[in-house]
>>> print(open('coords-v3.txt').read())   # compact mmCIF, C-alpha atoms
# COMPACT_ATOMS: atom_id res chain seq x y z
CA MET E 163 -29.62 -9.65 -2.87
CA ALA E 164 -27.34 -10.16 -5.86
CA SER E 165 -30.25 -9.79 -8.27
CA LEU E 166 -31.02 -6.25 -7.11
CA PRO E 167 -29.60 -3.48 -9.31
CA PRO E 168 -26.61 -1.56 -7.97
CA ILE E 169 -27.23 1.46 -5.79
CA ASP E 170 -26.20 4.34 -8.04
CA ILE E 171 -26.97 7.93 -8.96
CA PRO E 172 -30.32 8.26 -10.77
CA PRO E 173 -29.71 8.27 -14.55
CA ALA E 174 -31.36 11.69 -14.99
CA THR E 175 -28.65 13.49 -13.00
CA THR E 176 -25.57 14.71 -14.80
CA GLY E 177 -23.31 13.24 -12.16
CA ASN E 178 -20.44 15.65 -12.60
CA GLY E 179 -20.12 16.24 -8.87
CA ALA E 180 -19.39 19.75 -7.61
CA PHE E 181 -23.11 20.44 -7.54
CA ASP E 182 -23.29 18.82 -10.96
CA ALA E 183 -21.65 21.69 -12.79
CA PRO E 184 -20.69 20.64 -16.32
CA ALA E 185 -17.02 20.04 -17.04
CA ASP E 186 -15.74 22.37 -19.75
CA ASP E 187 -12.02 21.67 -20.07
CA PRO E 188 -10.79 20.13 -23.35
CA ASN E 189 -8.67 17.42 -21.74
CA GLY E 190 -11.56 16.55 -19.48
CA ALA E 191 -11.45 12.78 -19.94
CA LEU E 192 -7.74 12.41 -19.22
CA PHE E 193 -7.96 14.86 -16.33
CA ASP E 194 -10.87 12.97 -14.84
CA TYR E 195 -9.14 9.61 -15.27
CA LEU E 196 -6.01 10.91 -13.54
CA LEU E 197 -8.17 12.17 -10.68
CA ARG E 198 -9.67 8.69 -10.32
CA LEU E 199 -6.23 7.09 -10.14
CA GLY E 200 -4.70 9.79 -7.98
CA ASP E 201 -7.62 10.07 -5.57
CA ASP E 202 -7.67 6.29 -5.01
CA SER E 203 -4.05 6.45 -3.85
CA LEU E 204 -4.45 9.71 -1.93
CA VAL E 205 -7.52 8.72 0.05
CA LEU E 206 -6.24 5.26 0.94
CA GLY E 207 -2.85 6.75 1.89
CA GLN E 208 -4.58 9.19 4.22
CA ARG E 209 -6.74 6.42 5.68
CA LEU E 210 -3.74 4.22 6.41
CA SER E 211 -1.80 7.05 7.98
CA GLU E 212 -4.57 7.28 10.61
CA TRP E 213 -3.00 4.10 12.02
CA THR E 214 0.32 5.79 12.74
CA GLY E 215 1.09 5.35 16.43
CA HIS E 216 -1.96 3.14 16.98
CA ALA E 217 -1.03 -0.24 15.51
CA ALA E 218 -0.59 -3.20 17.82
CA SER E 219 3.17 -3.35 17.33
CA VAL E 220 5.83 -0.99 16.04
CA GLU E 221 6.53 -3.33 13.13
CA VAL E 222 2.90 -3.27 11.95
CA ASP E 223 2.83 0.49 12.51
CA LEU E 224 5.76 0.85 10.11
CA SER E 225 4.22 -1.55 7.58
CA LEU E 226 1.07 0.55 7.41
CA ALA E 227 2.97 3.85 7.31
CA ASN E 228 5.19 2.54 4.50
CA ILE E 229 2.17 1.60 2.42
CA ALA E 230 0.59 4.98 3.16
CA LEU E 231 3.74 6.78 1.99
CA ASP E 232 3.92 4.72 -1.21
CA LEU E 233 0.32 5.63 -1.97
CA ILE E 234 0.76 9.32 -1.22
CA GLY E 235 3.83 9.32 -3.48
CA GLN E 236 1.74 7.83 -6.29
CA ALA E 237 -0.97 10.41 -5.65
CA THR E 238 1.57 13.23 -5.92
CA LEU E 239 2.77 12.00 -9.34
CA LEU E 240 -0.75 11.41 -10.65
CA LEU E 241 -2.32 14.61 -9.35
CA ASP E 242 0.62 16.77 -10.46
CA TYR E 243 0.11 15.33 -13.94
CA ALA E 244 -3.64 15.89 -13.67
CA GLY E 245 -2.97 19.54 -12.86
CA GLU E 246 -0.72 19.88 -15.92
CA VAL E 247 -3.36 18.28 -18.15
CA GLU E 248 -6.00 20.58 -16.75
CA GLY E 249 -3.81 23.60 -17.48
CA ARG E 250 -5.25 25.91 -14.86
CA GLY E 251 -2.17 26.19 -12.71
CA ARG E 252 -3.21 23.62 -10.11
CA ASP E 253 -0.58 21.18 -8.87
CA GLY E 254 -0.99 17.98 -6.83
CA ASP E 255 -1.14 19.84 -3.52
CA LYS E 256 -3.78 22.23 -4.81
CA LEU E 257 -5.87 19.32 -6.07
CA ALA E 258 -5.43 17.33 -2.87
CA PHE E 259 -6.08 20.09 -0.36
CA HIS E 260 -8.33 22.57 -2.13
CA ARG E 261 -11.02 20.40 -3.67
CA ASP E 262 -14.30 19.59 -1.97
CA VAL E 263 -15.74 16.17 -1.45
CA LEU E 264 -17.99 16.26 -4.54
CA ASP E 265 -14.92 16.76 -6.75
CA PHE E 266 -13.16 13.62 -5.51
CA ARG E 267 -13.17 10.72 -7.96
CA ASN E 268 -11.86 7.87 -5.81
CA CYS E 269 -13.71 4.58 -5.51
CA LEU E 270 -15.84 4.09 -2.41
CA LEU E 271 -13.69 1.18 -1.17
CA VAL E 272 -10.67 3.31 -0.27
CA GLU E 273 -12.63 5.81 1.83
CA GLN E 274 -14.18 3.15 4.07
CA PRO E 275 -13.16 3.47 7.73
CA ASN E 276 -10.22 1.52 9.10
CA GLY E 277 -12.25 -0.35 11.72
CA ASP E 278 -9.95 -2.89 13.34
CA PHE E 279 -6.76 -4.29 11.82
CA ALA E 280 -8.68 -7.08 10.08
CA GLN E 281 -11.05 -4.61 8.42
CA THR E 282 -8.08 -2.49 7.30
CA MET E 283 -6.37 -5.56 5.84
CA ALA E 284 -9.58 -6.74 4.14
CA ARG E 285 -9.80 -3.35 2.40
CA GLN E 286 -6.09 -3.38 1.52
CA PHE E 287 -6.24 -6.88 0.10
CA LEU E 288 -9.28 -6.19 -2.09
CA PHE E 289 -7.89 -2.88 -3.30
CA SER E 290 -4.19 -3.66 -3.79
CA THR E 291 -4.95 -6.90 -5.63
CA TRP E 292 -7.06 -4.84 -8.04
CA GLN E 293 -4.65 -1.93 -8.23
CA ARG E 294 -1.71 -4.21 -9.05
CA ARG E 295 -3.57 -5.66 -12.05
CA LEU E 296 -4.68 -2.21 -13.16
CA LEU E 297 -1.14 -0.84 -12.95
CA ARG E 298 0.28 -3.78 -14.88
CA HIS E 299 -2.03 -2.80 -17.73
CA LEU E 300 -1.29 0.90 -17.36
CA ALA E 301 2.46 0.23 -17.57
CA GLY E 302 1.74 -0.33 -21.27
CA SER E 303 -0.42 2.79 -21.62
CA ALA E 304 -0.20 4.85 -24.79
CA ASP E 305 0.28 7.84 -22.48
CA ALA E 306 4.02 7.71 -21.68
CA ARG E 307 3.64 9.59 -18.41
CA ILE E 308 0.95 7.23 -17.11
CA ALA E 309 3.05 4.26 -18.23
CA ALA E 310 6.10 5.54 -16.33
CA ILE E 311 4.13 6.21 -13.13
CA ALA E 312 2.48 2.78 -13.35
CA GLU E 313 5.78 1.03 -13.88
CA LYS E 314 7.19 2.58 -10.71
CA ALA E 315 4.02 2.08 -8.67
CA VAL E 316 3.39 -1.53 -9.62
CA LYS E 317 6.47 -2.63 -7.66
CA GLU E 318 5.17 -0.89 -4.56
CA VAL E 319 1.67 -2.23 -4.95
CA THR E 320 2.89 -5.78 -5.55
CA TYR E 321 4.32 -5.64 -2.04
CA HIS E 322 1.09 -4.15 -0.63
CA ALA E 323 -0.98 -6.92 -2.19
CA GLU E 324 1.35 -9.65 -0.94
CA LEU E 325 1.50 -8.28 2.60
CA ALA E 326 -2.28 -7.86 2.78
CA ALA E 327 -2.86 -11.38 1.42
CA GLU E 328 -0.49 -12.77 4.08
CA TRP E 329 -2.54 -11.08 6.80
CA VAL E 330 -5.86 -12.20 5.33
CA ILE E 331 -4.57 -15.77 5.46
CA ARG E 332 -3.18 -15.48 8.98
CA LEU E 333 -6.24 -13.82 10.43
CA GLY E 334 -8.69 -16.02 8.52
CA ASP E 335 -6.79 -19.14 9.49
CA GLY E 336 -5.89 -17.90 12.99
CA THR E 337 -8.04 -17.92 16.10
CA GLU E 338 -11.81 -17.94 16.29
CA GLU E 339 -11.72 -14.22 17.06
CA SER E 340 -9.34 -13.28 14.24
CA ARG E 341 -11.41 -15.31 11.77
CA ARG E 342 -14.62 -13.58 12.88
CA ARG E 343 -12.99 -10.16 12.59
CA MET E 344 -11.63 -10.89 9.10
CA MET E 345 -15.03 -12.12 7.95
CA ASP E 346 -16.63 -8.94 9.36
CA GLY E 347 -14.05 -6.84 7.51
CA LEU E 348 -14.67 -8.60 4.20
CA GLU E 349 -18.42 -8.33 4.80
CA TRP E 350 -18.06 -4.56 5.15
CA MET E 351 -15.90 -4.12 2.05
CA ALA E 352 -17.42 -6.61 -0.41
CA ARG E 353 -20.21 -4.34 -1.64
CA PHE E 354 -17.63 -1.84 -2.93
CA VAL E 355 -15.72 -4.32 -5.12
CA PRO E 356 -18.05 -4.15 -8.18
CA GLU E 357 -17.35 -0.42 -8.45
CA LEU E 358 -13.68 -1.26 -9.16
CA PHE E 359 -14.79 -2.95 -12.37
CA GLU E 360 -17.34 -0.34 -13.39
CA ALA E 361 -16.83 0.67 -17.00
CA ASP E 362 -18.35 3.95 -18.14
CA GLY E 363 -18.05 6.26 -21.13
CA LEU E 364 -14.83 7.71 -19.82
CA THR E 365 -12.96 4.43 -19.35
CA ALA E 366 -14.28 3.18 -22.72
CA PHE E 367 -13.19 6.39 -24.48
CA LEU E 368 -9.67 6.24 -23.01
CA ALA E 369 -9.33 2.46 -23.30
CA GLU E 370 -10.08 2.68 -27.03
CA ARG E 371 -7.16 5.09 -27.33
CA GLY E 372 -4.89 2.77 -25.36
CA VAL E 373 -4.56 5.26 -22.49
CA ALA E 374 -6.73 3.60 -19.85
CA ALA E 375 -7.17 -0.04 -18.96
CA ASP E 376 -10.52 -1.75 -19.38
CA PRO E 377 -11.05 -3.18 -15.88
CA ASP E 378 -13.31 -5.89 -17.25
CA SER E 379 -10.29 -7.42 -19.01
CA PHE E 380 -8.81 -8.52 -15.67
CA ARG E 381 -11.96 -9.12 -13.67
CA ALA E 382 -11.84 -12.92 -13.96
CA ASP E 383 -8.16 -12.97 -12.95
CA TYR E 384 -8.93 -10.75 -9.97
CA GLU E 385 -11.76 -12.96 -8.78
CA GLU E 386 -9.58 -16.03 -9.15
CA GLU E 387 -6.73 -14.44 -7.21
CA VAL E 388 -9.02 -13.25 -4.41
CA GLY E 389 -10.68 -16.65 -4.30
CA ALA E 390 -7.33 -18.44 -3.98
CA VAL E 391 -6.27 -16.31 -1.01
CA LEU E 392 -9.65 -16.71 0.71
CA ALA E 393 -9.41 -20.48 0.16
CA ALA E 394 -5.90 -20.52 1.67
CA ALA E 395 -7.33 -18.60 4.62
CA GLY E 396 -10.12 -21.13 5.02
CA LEU E 397 -12.64 -18.36 4.40
CA PRO E 398 -15.80 -18.53 2.28
CA LEU E 399 -16.08 -16.60 -0.99
CA LEU E 400 -16.86 -12.89 -0.77
CA PRO E 401 -20.48 -12.35 0.26
CA GLN E 402 -22.74 -11.42 -2.65
CA GLN E 403 -24.07 -7.99 -1.77
CA ARG E 404 -25.93 -5.31 -3.60
CA PRO E 405 -23.17 -3.20 -5.21
CA ILE E 406 -22.85 0.48 -4.37
CA LEU E 407 -21.54 2.80 -7.09
CA GLY E 408 -21.08 6.54 -7.50
CA GLY E 409 -17.59 7.41 -6.23
CA ARG E 410 -16.23 7.91 -9.75
CA ARG E 411 -18.85 10.60 -10.28
CA GLY E 412 -18.30 12.35 -6.96
CA HIS E 413 -21.11 10.78 -4.96
CA HIS E 414 -19.38 9.47 -1.86
CA SER E 415 -20.16 7.85 1.45
CA GLU E 416 -20.28 10.09 4.50
CA HIS E 417 -16.82 8.87 5.51
CA LEU E 418 -14.92 10.82 2.86
CA GLY E 419 -16.01 14.25 4.11
CA HIS E 420 -14.67 13.51 7.59
CA LEU E 421 -11.39 12.26 6.15
CA LEU E 422 -10.98 15.42 4.07
CA CYS E 423 -11.74 17.64 7.08
CA THR E 424 -8.71 16.22 8.84
CA MET E 425 -6.51 16.09 5.76
CA GLN E 426 -7.33 19.55 4.43
CA PHE E 427 -7.66 21.54 7.64
CA LEU E 428 -4.09 22.81 7.91
CA PRO E 429 -3.45 23.96 4.32
CA ARG E 430 -6.87 25.57 4.17
CA THR E 431 -6.51 27.38 7.47
CA TYR E 432 -2.91 28.42 6.86
CA PRO E 433 -2.64 28.55 3.05
CA GLU E 434 0.98 29.78 3.04
CA ALA E 435 2.19 27.34 5.69
CA VAL E 436 5.47 25.58 4.89
CA TRP E 437 7.46 23.07 6.90
CA MET Z 289 0.16 -8.46 20.53
CA SER Z 290 3.83 -8.11 19.61
CA SER Z 291 4.88 -9.43 23.02
CA ASP Z 292 3.08 -12.67 22.12
CA TRP Z 293 5.22 -13.00 19.01
CA PRO Z 294 8.70 -14.52 19.01
CA LEU Z 295 11.72 -12.32 18.42
CA TRP Z 296 13.74 -12.55 15.20
CA GLU Z 297 17.25 -11.20 14.57
CA VAL Z 298 17.64 -9.26 11.34
CA PHE Z 299 20.69 -9.32 9.05
CA ILE Z 300 21.13 -7.13 5.97
CA ARG Z 301 23.49 -7.42 3.02
CA ALA Z 302 24.18 -3.81 2.09
CA LYS Z 303 25.27 -4.67 -1.45
CA GLY Z 304 26.45 -7.59 -3.51
CA GLY Z 305 29.82 -8.91 -2.35
CA LEU Z 306 29.46 -7.79 1.26
CA SER Z 307 28.39 -10.13 4.03
CA HIS Z 308 25.12 -9.85 5.93
CA ARG Z 309 25.40 -7.74 9.08
CA HIS Z 310 23.25 -7.81 12.15
CA VAL Z 311 21.11 -4.66 12.35
CA GLY Z 312 18.49 -5.34 15.00
CA SER Z 313 15.44 -7.44 15.71
CA VAL Z 314 11.68 -7.60 15.07
CA HIS Z 315 8.72 -9.38 16.60
CA ALA Z 316 6.67 -11.50 14.20
CA PRO Z 317 4.35 -14.51 14.36
CA ASP Z 318 6.27 -16.54 11.76
CA SER Z 319 9.25 -16.42 9.41
CA GLU Z 320 7.45 -14.92 6.41
CA ILE Z 321 5.95 -12.05 8.38
CA ALA Z 322 9.33 -11.64 10.12
CA LEU Z 323 10.93 -11.01 6.70
CA ARG Z 324 8.25 -8.47 5.85
CA HIS Z 325 8.60 -6.74 9.21
CA ALA Z 326 12.37 -6.68 8.75
CA ARG Z 327 11.90 -5.15 5.30
CA ASP Z 328 9.45 -2.56 6.58
CA THR Z 329 11.51 -1.70 9.65
CA TYR Z 330 15.12 -1.80 8.46
CA THR Z 331 15.26 -1.28 4.68
CA ARG Z 332 13.18 1.87 4.29
CA ARG Z 333 16.19 3.93 3.19
CA MET Z 334 17.85 1.60 0.69
CA GLU Z 335 19.93 -0.10 3.38
CA GLY Z 336 20.21 -3.40 1.59
CA VAL Z 337 19.70 -5.88 -1.20
CA SER Z 338 19.18 -9.04 0.85
CA LEU Z 339 17.67 -9.91 4.21
CA TRP Z 340 18.06 -12.77 6.65
CA VAL Z 341 15.92 -13.34 9.70
CA VAL Z 342 16.80 -15.88 12.35
CA ARG Z 343 14.75 -16.79 15.36
CA SER Z 344 16.57 -15.20 18.31
CA ALA Z 345 15.98 -18.35 20.34
CA ASP Z 346 17.98 -20.34 17.76
CA ILE Z 347 21.14 -18.31 18.29
CA VAL Z 348 23.70 -19.97 20.54
CA ALA Z 349 25.57 -17.24 22.42
CA SER Z 350 28.66 -17.27 24.59
CA ASP Z 351 28.09 -16.70 28.28
CA PRO Z 352 29.26 -13.24 29.42
CA SER Z 353 30.50 -14.76 32.65
CA ASP Z 354 32.97 -16.81 30.57
CA ASP Z 355 34.44 -13.69 28.97
CA ALA Z 356 37.79 -13.94 30.70
CA ALA Z 357 38.43 -17.54 29.69
CA MET Z 358 36.99 -17.07 26.22
CA PHE Z 359 38.64 -13.85 25.09
CA ASP Z 360 41.44 -12.64 27.36
CA PRO Z 361 43.99 -15.25 26.17
CA ALA Z 362 43.98 -13.64 22.72
CA ALA Z 363 44.97 -10.27 24.12
CA ASP Z 364 48.76 -10.74 24.07
CA LYS Z 365 49.13 -12.78 20.86
CA VAL Z 366 50.12 -9.91 18.56
CA TYR Z 367 51.99 -12.36 16.33
CA ARG Z 368 48.62 -13.64 15.14
CA HIS Z 369 47.97 -10.38 13.33
CA PRO Z 370 49.30 -10.39 9.76
CA THR Z 371 51.14 -7.12 10.32
CA PHE Z 372 54.58 -8.50 9.56
CA TYR Z 373 54.00 -8.85 5.84
CA THR Z 374 54.85 -6.21 3.28
CA ILE Z 375 51.78 -5.51 1.17
CA PRO Z 376 52.32 -4.26 -2.39
CA ASP Z 377 50.87 -0.78 -2.97
CA ASP Z 378 48.45 -1.88 -5.67
CA VAL Z 379 46.71 -4.40 -3.40
CA LYS Z 380 43.84 -2.36 -2.00
CA HIS Z 381 41.30 -4.42 -0.12
CA ILE Z 382 43.05 -6.49 2.48
>>> encode(input="coords-v3.txt", output="structure tokens")
Amino acid sequence: MASLPPIDIPPATTGNGAFDAPADDPNGALFDYLLRLGDDSLVLGQRLSEWTGHAASVEVDLSLANIALDLIGQATLLLDYAGEVEGRGRDGDKLAFHRDVLDFRNCLLVEQPNGDFAQTMARQFLFSTWQRRLLRHLAGSADARIAAIAEKAVKEVTYHAELAAEWVIRLGDGTEESRRRMMDGLEWMARFVPELFEADGLTAFLAERGVAADPDSFRADYEEEVGAVLAAAGLPLLPQQRPILGGRRGHHSEHLGHLLCTMQFLPRTYPEAVW
Amino acid sequence: MSSDWPLWEVFIRAKGGLSHRHVGSVHAPDSEIALRHARDTYTRRMEGVSLWVVRSADIVASDPSDDAAMFDPAADKVYRHPTFYTIPDDVKHI
């Protein structure tokens, strides 16, 4: 399995999403990078908020809603900035609610369905552990605005990563059923981890200028950190699966479209609605 | 699920120098998750800078049926209040 090449868009396609229309704005790279960061937070925040009112206890309900709100706050900062960089009068709300699925630049991991609590925590653990390391690097970004957003967000995400790791350990090292569910959750999510470390022309271009972080620079640390938590949970290493790529270029799983239908329905149906 | 978990009493220190005050309780499987649940439930609006959680079962409480013997005798001992001292104007917090 691991020897097979990643599932990705064929190299001949332009891969610009939005029916592969070419991007023509001058700040395209920075805009696109901000969409990646902002969409990661936005989509995972929306996913987590699906739990509201459904978690097994009011305390867990609040934990998940708190994380969702942190992420949506990050998305607001990042997408507002993206809109300014783009310079076409779009703000964070416009970018969140009036873009179609092909224009979203989030990684595939964050759009995966919640499943049960173990699957949700498996996703959170794998993502937040990565996002914390990314934000630590971005706190030193040459772009002052990105650095400021990262510095604020890294405190939030540190808590997310710790909480998720605690649950991975408790479920993995819990009952036979909780262990099975956690392993199923990790099994679902593992194939989307390599995409987090995908380096392309855009990340290389911005990393050279000190704006973006090169994810490869913290890959070994990430794997070590994930491995330590899985070991503490008495769980095996992440299953080696054929990686699936494409989210950063707008090619998503079917799950994202359904998520956006729910998220975007109200502002699209009632564009002037305020509350 | 939460009914399977023990109950923990939550105490918050609002700011440095003040004592921890009881604010409520949470269910949690162990002390570390209890702290996290307390944080997520009771400090969402900057309520504090420090948290304690104590297993509710570990609290020793007075018996309400002993109220009369426990507390009524203090009712007519006004001389125990320090109200007979003159406090200088520039002493604020007493």
>>> interface_residues(input="coords-v3.txt", of="chain E", to="chain Z", cutoff="7 Å", atoms="only C-alpha atoms", output="PyMOL selection string")
chain E and resi 218-219+221+224-225+228
>>> closest_residue(input="coords-v3.txt", among="E:Pro377, E:Gly363, E:Gly409, E:Gly336", to="Ile171 (chain E)", atoms="only C-alpha atoms")
E:Gly409
>>> atom_distance(input="coords-v3.txt", atom1="CA of Arg198 (chain E)", atom2="CA of Thr365 (chain E)")
10.5 Å
>>> atom_distance(input="coords-v3.txt", atom1="CA of Gly235 (chain E)", atom2="CA of Ile308 (chain E)")
14.1 Å
>>> residues_around(input="coords-v3.txt", residues="Leu306 (chain Z)", least_positions_apart="6", cutoff="12 Å", atoms="all atoms listed in the file", output="VMD selection string")
chain Z and resid 299 to 300 336 to 338
>>> residues_near_point(input="coords-v3.txt", point="(-10.7, -4.2, 9.8)", cutoff="10 Å", atoms="only C-alpha atoms", output="list in words")
Gln274, Pro275, Asn276, Gly277, Asp278, Phe279, Ala280, Gln281, Thr282, Met283, Ala284, Arg285, Gln286, Arg343, Met344, Met345, Asp346, Gly347, Leu348, Trp350 and Met351 of chain E
>>> atom_distance(input="coords-v3.txt", atom1="CA of Ala345 (chain Z)", atom2="CA of Ser319 (chain Z)")
13.0 Å
>>> residues_near_point(input="coords-v3.txt", point="(22.2, -6.9, 2.5)", cutoff="10 Å", atoms="only C-alpha atoms", output="number ranges by chain")
Z: 299-310, 331, 334-340
>>> residues_around(input="coords-v3.txt", residues="Ser344 (chain Z)", least_positions_apart="3", cutoff="7 Å", atoms="all atoms listed in the file", output="MDAnalysis selection string")
chainID Z and resid 295:297 347
>>> closest_residue(input="coords-v3.txt", among="E:Phe266, E:Trp213, E:Tyr195, E:Trp437", to="Gly419 (chain E)", atoms="all atoms listed in the file")
E:Phe266
>>> closest_residue(input="coords-v3.txt", among="E:Leu358, E:Val220, E:Cys423, E:Ile331", to="Phe380 (chain E)", atoms="all atoms listed in the file")
E:Leu358
>>> closest_residue(input="coords-v3.txt", among="E:Leu240, E:Val373, E:Leu407, E:Ala352", to="Glu385 (chain E)", atoms="all atoms listed in the file")
E:Ala352
>>> closest_residue(input="coords-v3.txt", among="E:Val330, E:Leu400, E:Thr238, E:Ala366", to="Glu386 (chain E)", atoms="all atoms listed in the file")
E:Leu400
>>> closest_residue(input="coords-v3.txt", among="E:Leu264, E:Leu296, E:Leu364, E:Val247", to="Tyr384 (chain E)", atoms="only C-alpha atoms")
E:Leu296
>>> residues_around(input="coords-v3.txt", residues="region 428-432 of chain E", least_positions_apart="2", cutoff="10 Å", atoms="only C-alpha atoms", output="VMD selection string")
chain E and resid 255 to 256 258 to 260 423 to 426 434 to 436
>>> axis_aligned_box(input="coords-v3.txt", around="region 303-318 of chain Z", padding_each_side="5 Å", output="AutoDock Vina command-line options")
--center_x 17.1 --center_y -10.6 --center_z 6.5 --size_x 35.5 --size_y 21.9 --size_z 30.1
>>> decode(input="coords-v3.txt", residues="region 323-338 of chain E", atoms="N, CA and C atoms", output="PDB file, in the first residue's frame")
ATOM      1  N   ALA E 323      -4.784  20.701  20.955  1.00  0.00           N
ATOM      2  CA  ALA E 323      -3.916  19.527  20.763  1.00  0.00           C
ATOM      3  C   ALA E 323      -3.799  18.729  22.063  1.00  0.00           C
ATOM      4  N   GLU E 324      -3.686  19.446  23.176  1.00  0.00           N
ATOM      5  CA  GLU E 324      -3.567  18.740  24.462  1.00  0.00           C
ATOM      6  C   GLU E 324      -4.850  17.992  24.803  1.00  0.00           C
ATOM      7  N   LEU E 325      -5.972  18.656  24.616  1.00  0.00           N
ATOM      8  CA  LEU E 325      -7.259  18.022  24.944  1.00  0.00           C
ATOM      9  C   LEU E 325      -7.471  16.779  24.071  1.00  0.00           C
ATOM     10  N   ALA E 326      -7.197  16.928  22.765  1.00  0.00           N
ATOM     11  CA  ALA E 326      -7.408  15.800  21.857  1.00  0.00           C
ATOM     12  C   ALA E 326      -6.471  14.642  22.212  1.00  0.00           C
ATOM     13  N   ALA E 327      -5.217  14.965  22.560  1.00  0.00           N
ATOM     14  CA  ALA E 327      -4.274  13.903  22.931  1.00  0.00           C
ATOM     15  C   ALA E 327      -4.758  13.174  24.188  1.00  0.00           C
ATOM     16  N   GLU E 328      -5.309  13.941  25.144  1.00  0.00           N
ATOM     17  CA  GLU E 328      -5.835  13.307  26.363  1.00  0.00           C
ATOM     18  C   GLU E 328      -6.935  12.311  26.016  1.00  0.00           C
ATOM     19  N   TRP E 329      -7.793  12.683  25.080  1.00  0.00           N
ATOM     20  CA  TRP E 329      -8.897  11.778  24.718  1.00  0.00           C
ATOM     21  C   TRP E 329      -8.401  10.581  23.918  1.00  0.00           C
ATOM     22  N   VAL E 330      -7.406  10.807  23.058  1.00  0.00           N
ATOM     23  CA  VAL E 330      -6.846   9.666  22.315  1.00  0.00           C
ATOM     24  C   VAL E 330      -6.292   8.641  23.306  1.00  0.00           C
ATOM     25  N   ILE E 331      -5.611   9.140  24.337  1.00  0.00           N
ATOM     26  CA  ILE E 331      -5.030   8.228  25.325  1.00  0.00           C
ATOM     27  C   ILE E 331      -6.126   7.522  26.118  1.00  0.00           C
ATOM     28  N   ARG E 332      -7.140   8.266  26.531  1.00  0.00           N
ATOM     29  CA  ARG E 332      -8.185   7.643  27.347  1.00  0.00           C
ATOM     30  C   ARG E 332      -9.017   6.642  26.566  1.00  0.00           C
ATOM     31  N   LEU E 333      -9.312   6.979  25.332  1.00  0.00           N
ATOM     32  CA  LEU E 333     -10.120   6.041  24.534  1.00  0.00           C
ATOM     33  C   LEU E 333      -9.275   4.854  24.088  1.00  0.00           C
ATOM     34  N   GLY E 334      -8.025   5.123  23.692  1.00  0.00           N
ATOM     35  CA  GLY E 334      -7.155   4.028  23.261  1.00  0.00           C
ATOM     36  C   GLY E 334      -6.839   3.077  24.403  1.00  0.00           C
ATOM     37  N   ASP E 335      -6.696   3.646  25.577  1.00  0.00           N
ATOM     38  CA  ASP E 335      -6.321   2.860  26.759  1.00  0.00           C
ATOM     39  C   ASP E 335      -7.542   2.637  27.660  1.00  0.00           C
ATOM     40  N   GLY E 336      -8.737   2.678  27.075  1.00  0.00           N
ATOM     41  CA  GLY E 336      -9.956   2.553  27.871  1.00  0.00           C
ATOM     42  C   GLY E 336     -10.524   1.151  27.841  1.00  0.00           C
ATOM     43  N   THR E 337     -11.738   1.044  27.308  1.00  0.00           N
ATOM     44  CA  THR E 337     -12.371  -0.276  27.213  1.00  0.00           C
ATOM     45  C   THR E 337     -12.065  -0.882  25.843  1.00  0.00           C
ATOM     46  N   GLU E 338     -12.462  -2.114  25.679  1.00  0.00           N
ATOM     47  CA  GLU E 338     -12.277  -2.773  24.381  1.00  0.00           C
ATOM     48  C   GLU E 338     -13.005  -1.995  23.283  1.00  0.00           C
TER      49      GLU E 338
END
